[in-house]
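Scroll down for the structure; my scribbles are underneath it.
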Amino acid sequence: MKKIFKKFSLVSLVTFSSFAQTPKNIIIMIGDGMGPAYTTAYRNYVDRETLFDKLIVGSSITKASDSFITDSAAGATAYSTGEKSYNGAISVDINKKNLKVLFEYAKDKGMQTGVVVTSEVYHATPACFYATALNRNDHEDIVKDLVFNQSFKRPIVDLIAGGGREVITKKYINKLKGYRYLETLADFEKNNKLPVIALFDEGQMDFEINTDDKRLTKMTRKSLQLMNQNAKDGFILMIEASHIDKCGHLNDIACAMREMEDFEGSLKLVHEFVKKSKNTLMVVTADHSTGGLSIGHGKSKKWLPENFRKIDTLLKDIAEDVFKKKLTRKLFKSYSIDFDSDDIKYLEKAQAKGEKEFYKSFARRVSAKSYTGWTTWSHNGVDVEVFADGPAKELFIGKRQNNEIGRIIIDLIKKR
């Protein structure tokens, strides 16, 4: 039965894609770690229908080749190459052989390419679209592929925006001949030419909850303008809301909702572009879900976002600040956290166990105030949602393996 289903699925992909309208431009948006509970929580958080609700068309089965639970590397490899691989793989197959990546297919057709992320630009998800490496932590190998693609004998990413100055030193930046190098968002917003590399932080960019800058939204606005002005033969742009995943790893619901808010801002700009251009496909999904987020926890049928809505600092930063201090209600209220005497006693006991354990206890206590549940500090294996609009959006309707989504996108590029 499994073989029959697989054969039918692949035949269906070929059949339907052959009749679909071929888009000139393709925009892929990835909410790293954005499982279905995140979009539901966000709807409740803002108390309205969101753009995620309006654009949903299907779901993606995220399992890696070696596990029911994938990491970002294997997840993005599936979207970039159309093949499933092992956790940690950067666009190599299960036998550790290099696969052709999405941006190479795009360059075959003369398209412009770009990555816009809030992580380091060599992080697992963006790396899979332009590089190959046996392990996601092989940052030097990934950066070498960023500045020089062996097949094309030149860089294949025309727009690079995110963090990562610490690893992408002048040694590598100087190899990007003809690229304009920028270090501030203000300079990036003034720039009107490609190719460009903009690295805004030494490592990853800061969290939205700490800055309130809407940096992903701003980067998206400028990137769409740059691509539209400079890509005569079309473009493919990958935009990642990288920090949704990091908030999930921290079990920080306030952080997660602020990242979702910035991601929806970016999504709105892309959707407006799609509607106006009429020849651009947008595909939005996640690589996996993080944290095992649940809307409701314990016996009470409640979820109270008002109990974390005013928190405007990353919980990890708050925990680091208060760990060695005398814990009082007044101290926590200065961070818009309303702890009672029982909460204080619980955290005083956690202080004696060390900073790591203190953070876990602190995060759990904050979550408990809003009846937010978490099952893990890592990833979980649920299917993730798929959203789409523009020409060929019908190809993404229904439930598919994540690598099938990659194959559809590759097929649309090859048809150009």
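Naming scheme: A, B, ... for chains in displayed order of the structure tokens; residues 1 onward per chain; ligands 1 onward as shown.
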
If we count only C-alpha atoms and set the cut-off at 12 Å, which residues sit around Gly31 of chain A, ignoring sequence neighbours fewer than 6 positions away in its own chain? Please answer as a PyMOL selection string. chain A and resi 38-39+52+72+75-76+117-119+125-126+216+238-248+256+259-264+266-267+283-290+384-387

Backbone DSSP call of strand (DSSP E or B) for segment 333-406 of chain A, listed as a count of residues only: 14

Show me, as an MDAnalysis selection string, the residues that have an atom within 12 Å of segment 58-62 of chain A when counting only C-alpha atoms, minus same-chain residues fewer than 3 positions from it. chainID A and resid 33:36 52:55 65:79 83:87 283:289 379:389 393:406

Output as JSON lines one row per residue of segment 126-146 of chain A within 12 Å of segment 176-199 of chain A: the closest atom pair and its distance in Å to one decimal place, counting only C-alpha atoms, sorted by chain and residue number ascending.
```
{"residue": "A:Val143", "atom": "CA", "partner": "A:Leu176", "partner_atom": "CA", "distance": 11.2}
{"residue": "A:Lys144", "atom": "CA", "partner": "A:Leu176", "partner_atom": "CA", "distance": 10.6}
{"residue": "A:Asp145", "atom": "CA", "partner": "A:Leu176", "partner_atom": "CA", "distance": 11.3}
{"residue": "A:Leu146", "atom": "CA", "partner": "A:Leu176", "partner_atom": "CA", "distance": 9.0}
```

Would you output that residue set with N, CA and C atoms, as a PDB file, in the first residue's frame?
```
ATOM      1  N   VAL A 143      30.143  29.092   4.266  1.00  0.00           N
ATOM      2  CA  VAL A 143      30.477  30.448   3.834  1.00  0.00           C
ATOM      3  C   VAL A 143      31.302  30.420   2.548  1.00  0.00           C
ATOM      4  N   LYS A 144      32.145  29.426   2.402  1.00  0.00           N
ATOM      5  CA  LYS A 144      32.907  29.289   1.145  1.00  0.00           C
ATOM      6  C   LYS A 144      31.962  29.116  -0.039  1.00  0.00           C
ATOM      7  N   ASP A 145      30.896  28.338   0.147  1.00  0.00           N
ATOM      8  CA  ASP A 145      29.903  28.171  -0.914  1.00  0.00           C
ATOM      9  C   ASP A 145      29.110  29.449  -1.144  1.00  0.00           C
ATOM     10  N   LEU A 146      28.926  30.239  -0.106  1.00  0.00           N
ATOM     11  CA  LEU A 146      28.214  31.498  -0.247  1.00  0.00           C
ATOM     12  C   LEU A 146      28.974  32.456  -1.149  1.00  0.00           C
TER      13      LEU A 146
END
```

Could the residues of segment 89-169 of chain A that have an atom at most 12 Å from segment 22-30 of chain A be listed as a Markdown table, each with its closest atom pair and the distance in Å to one decimal, counting only C-alpha atoms and ordered by chain and ascending residue number?
```
| residue | atom | partner | partner_atom | distance |
| --- | --- | --- | --- | --- |
| A:Leu102 | CA | A:Ile28 | CA | 11.0 |
| A:Phe103 | CA | A:Ile26 | CA | 11.3 |
| A:Ala106 | CA | A:Ile26 | CA | 9.9 |
| A:Lys109 | CA | A:Lys24 | CA | 10.6 |
| A:Gly110 | CA | A:Lys24 | CA | 11.2 |
| A:Met111 | CA | A:Asn25 | CA | 8.4 |
| A:Gln112 | CA | A:Asn25 | CA | 9.3 |
| A:Thr113 | CA | A:Ile26 | CA | 9.7 |
| A:Gly114 | CA | A:Ile27 | CA | 9.5 |
| A:Val115 | CA | A:Ile28 | CA | 9.7 |
| A:Val116 | CA | A:Met29 | CA | 9.5 |
| A:Val117 | CA | A:Ile30 | CA | 9.5 |
| A:Thr118 | CA | A:Ile30 | CA | 11.4 |
| A:Thr125 | CA | A:Ile30 | CA | 8.6 |
| A:Pro126 | CA | A:Ile30 | CA | 9.8 |
| A:Phe129 | CA | A:Ile28 | CA | 10.7 |
```

Return as a Markdown table the residues of segment 195-230 of chain A lying at most 10 Å from segment 294-317 of chain A, together with the closest atom-to-atom pair for each and the distance in Å to one decimal, counting only C-alpha atoms, with rows in chain order and ascending residue number.
```
| residue | atom | partner | partner_atom | distance |
| --- | --- | --- | --- | --- |
| A:Asp206 | CA | A:Leu314 | CA | 9.9 |
| A:Phe207 | CA | A:Leu314 | CA | 7.5 |
| A:Glu208 | CA | A:Leu314 | CA | 9.0 |
| A:Ile209 | CA | A:Asp312 | CA | 5.4 |
| A:Asn210 | CA | A:Thr313 | CA | 5.2 |
| A:Thr211 | CA | A:Asp312 | CA | 8.7 |
| A:Asp212 | CA | A:Asp312 | CA | 8.6 |
```

Based on the selection just made, write N, CA and C atoms of those residues as a PDB file, in the first residue's frame.
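Okay, selection_20.pdb is ready:
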```
ATOM      1  N   ASP A 206      19.027  40.507  16.971  1.00  0.00           N
ATOM      2  CA  ASP A 206      18.369  40.487  18.275  1.00  0.00           C
ATOM      3  C   ASP A 206      16.892  40.117  18.110  1.00  0.00           C
ATOM      4  N   PHE A 207      16.275  39.744  19.211  1.00  0.00           N
ATOM      5  CA  PHE A 207      14.875  39.355  19.209  1.00  0.00           C
ATOM      6  C   PHE A 207      13.980  40.582  19.084  1.00  0.00           C
ATOM      7  N   GLU A 208      12.850  40.416  18.422  1.00  0.00           N
ATOM      8  CA  GLU A 208      11.883  41.500  18.258  1.00  0.00           C
ATOM      9  C   GLU A 208      11.396  42.028  19.601  1.00  0.00           C
ATOM     10  N   ILE A 209      11.220  41.163  20.577  1.00  0.00           N
ATOM     11  CA  ILE A 209      10.723  41.595  21.887  1.00  0.00           C
ATOM     12  C   ILE A 209      11.710  42.539  22.576  1.00  0.00           C
ATOM     13  N   ASN A 210      12.975  42.453  22.239  1.00  0.00           N
ATOM     14  CA  ASN A 210      13.992  43.338  22.826  1.00  0.00           C
ATOM     15  C   ASN A 210      14.155  44.649  22.068  1.00  0.00           C
ATOM     16  N   THR A 211      13.702  44.685  20.815  1.00  0.00           N
ATOM     17  CA  THR A 211      13.997  45.839  19.964  1.00  0.00           C
ATOM     18  C   THR A 211      12.762  46.611  19.506  1.00  0.00           C
ATOM     19  N   ASP A 212      11.684  45.872  19.229  1.00  0.00           N
ATOM     20  CA  ASP A 212      10.461  46.464  18.662  1.00  0.00           C
ATOM     21  C   ASP A 212      10.764  47.198  17.366  1.00  0.00           C
TER      22      ASP A 212
END
```

Out of A:Lys349, A:Arg43, A:Arg48, A:His123, which residue has the shortest atom-to-atom distance to Glu140 of chain A when counting only C-alpha atoms?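 With only C-alpha atoms as the atom set, the closest residue is A:His123.
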
Residues of segment 26-196 of chain A classed as alpha helix (DSSP H) by DSSP on the backbone are to be reported as a PyMOL selection string. chain A and resi 36-46+51-55+72-81+102-108+124-127+139-147+170-173+185-190

So the first atom is atom CA of Lys278 of chain A and the second is atom CA of Leu237 of chain A; what is the distance between them in Å, to one decimal place? 16.2 Å

Leu412 of chain A surroundings by only C-alpha atoms, 8 Å radius, close-in-sequence under 3 positions cut, as a list in words: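 Within the cut-off, the hits are Ser17, Thr22, Pro23, Ile408, Ile409, Lys415 and Arg416 of chain A.
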
Please produce a file of the residues just selected, as an mmCIF file, in the first residue's frame, where the atoms kept are C-alpha atoms.
```
data_model
loop_
_atom_site.group_PDB
_atom_site.id
_atom_site.type_symbol
_atom_site.label_atom_id
_atom_site.label_comp_id
_atom_site.auth_asym_id
_atom_site.auth_seq_id
_atom_site.Cartn_x
_atom_site.Cartn_y
_atom_site.Cartn_z
ATOM 1 C CA SER A 17 2.380 20.810 -12.371
ATOM 2 C CA THR A 22 4.438 29.095 -14.463
ATOM 3 C CA PRO A 23 5.303 32.044 -12.192
ATOM 4 C CA ILE A 408 7.068 21.199 -7.090
ATOM 5 C CA ILE A 409 9.074 24.428 -6.756
ATOM 6 C CA LYS A 415 9.579 24.770 -16.769
ATOM 7 C CA ARG A 416 10.559 28.430 -17.288
#
```
